[in-house]
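In what follows, a structure is listed as structure tokens, so that the remarks can point back to it.
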Amino acid sequence: MARLSFLLPLIVLAGCSQPPAAVNLNAPSAGQPGAQGVPGDAARERCARANWRATGYRHGLSGYPMAALSQVGEACKGTGIEVDRLAYSTGRLEGLGKFCTAENGYRRAKEGRPADNPCPPSLAANYEAGYARGMAGQ
């Protein structure tokens with residue numbers, strides 16, 4: 001029950017269906033074609049404009065573990081821009097809500113993917129049941 005009370009505020013914050021597109025932290029920013037400009041400035045601009053909720057959403061939708069946040073943080077390391085962990089986590093939970101289904105577990109098992117389960121406890125059972133059904137060939 002304690003886990004549910006922790007997740008409830010995040011779920012309430014995650015009210016919208018899908019946030020705007022994430023900012024690609026590895027691509028040149030809009031005002032800088034190609035590799036022109038000072039790389040530190042380009043990274044700083046991308047990190048300042050990043051939509052952390054959308055990035056978390058896409059990571060959750062893809063089933064990335066929470067450890068993916070550290071990789072995103074590395075992309076902004078040294079720019080002075082901090083990752084908004086709450087926005088990222090909120091978006092990730094939204095994405096996991098669509099990832100952690102029995103149908104997706106089944107599909108991933110049929111594709112031969114590992115049984116990685118980044119799902120929160122409230123959604124893990126559905127995903128695991130689908131994965132087990134896919135592994136059994138049903």
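Convention: chains lettered A, B, ... in structure tokens order; per-chain residue numbering from 1; ligands numbered from 1 as shown.
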Per DSSP on the backbone, what are the alpha helix (DSSP H) residues of range 27-125 of chain A, as a ChimeraX atom specification? /A:39-49,52-61,68-75,85-99,102-110,121-125
Can I get the selected residues back with C-alpha atoms, as a CSV table (one decimal), in the first residue's frame?
chain,number,residue,atom,x,y,z
A,39,PRO,CA,29.7,21.8,-29.0
A,40,GLY,CA,29.3,22.9,-25.3
A,41,ASP,CA,26.9,25.7,-26.3
A,42,ALA,CA,24.9,23.3,-28.5
A,43,ALA,CA,24.6,20.8,-25.7
A,44,ARG,CA,23.7,23.5,-23.2
A,45,GLU,CA,20.9,24.7,-25.5
A,46,ARG,CA,19.5,21.2,-26.1
A,47,CYS,CA,19.6,20.5,-22.4
A,48,ALA,CA,17.9,23.8,-21.6
A,49,ARG,CA,15.1,23.0,-24.1
A,52,TRP,CA,12.1,15.7,-19.5
A,53,ARG,CA,8.6,14.4,-19.3
A,54,ALA,CA,8.5,13.5,-22.9
A,55,THR,CA,11.9,11.8,-22.7
A,56,GLY,CA,10.7,9.8,-19.7
A,57,TYR,CA,7.5,8.9,-21.6
A,58,ARG,CA,9.4,7.5,-24.6
A,59,HIS,CA,11.8,5.6,-22.3
A,60,GLY,CA,8.8,4.1,-20.5
A,61,LEU,CA,7.0,3.3,-23.7
A,68,ALA,CA,18.3,5.2,-18.5
A,69,LEU,CA,18.0,8.4,-16.6
A,70,SER,CA,21.7,8.4,-15.8
A,71,GLN,CA,22.5,8.2,-19.5
A,72,VAL,CA,20.3,11.2,-20.1
A,73,GLY,CA,22.0,13.0,-17.3
A,74,GLU,CA,25.4,12.2,-18.8
A,75,ALA,CA,24.4,14.0,-22.0
A,85,ARG,CA,13.8,13.9,-12.3
A,86,LEU,CA,10.1,14.4,-11.3
A,87,ALA,CA,9.1,15.2,-14.9
A,88,TYR,CA,11.2,12.3,-16.3
A,89,SER,CA,9.7,9.9,-13.7
A,90,THR,CA,6.2,11.1,-14.4
A,91,GLY,CA,6.6,10.7,-18.1
A,92,ARG,CA,8.2,7.3,-17.7
A,93,LEU,CA,5.3,6.0,-15.6
A,94,GLU,CA,2.9,7.2,-18.3
A,95,GLY,CA,4.9,5.3,-20.9
A,96,LEU,CA,5.1,2.2,-18.7
A,97,GLY,CA,1.4,2.2,-18.4
A,98,LYS,CA,1.3,1.5,-22.2
A,99,PHE,CA,4.3,-0.8,-22.2
A,102,ALA,CA,-0.1,-8.6,-21.2
A,103,GLU,CA,-0.2,-8.1,-25.0
A,104,ASN,CA,3.2,-6.4,-25.0
A,105,GLY,CA,4.7,-9.1,-22.8
A,106,TYR,CA,3.3,-11.8,-25.1
A,107,ARG,CA,4.7,-10.0,-28.2
A,108,ARG,CA,8.1,-9.5,-26.7
A,109,ALA,CA,8.3,-13.2,-25.7
A,110,LYS,CA,7.3,-14.2,-29.3
A,121,PRO,CA,4.4,-3.7,-9.1
A,122,SER,CA,0.8,-2.7,-10.0
A,123,LEU,CA,1.4,-3.5,-13.7
A,124,ALA,CA,4.0,-6.2,-13.5
A,125,ALA,CA,1.7,-9.2,-13.2
From the options A:Lys77, A:Cys100, A:Arg133, A:Asp84, which residue's atoms come nearest to Asp116 in chain A, counting only C-alpha atoms?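 Among the listed residues, the smallest separation from Asp116 in chain A belongs to A:Cys100.
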Can you work out which one of A:Ile81, A:Cys119, A:Ala50, A:Ala132 has the shortest atom-to-atom distance to Met66 in chain A, counting only C-alpha atoms?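 Going through A:Ile81, A:Cys119, A:Ala50, A:Ala132 one by one, the smallest distance to Met66 in chain A is for A:Cys119.
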CA of Ala115 in chain A to CA of Tyr127 in chain A, straight-line distance in Å: 9.7 Å
Quick check, in Å to one decimal: how far apart do CA of Cys76 in chain A and CA of Gly63 in chain A lie?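 About the pair CA of Cys76 in chain A and CA of Gly63 in chain A: they are 22.2 Å apart.
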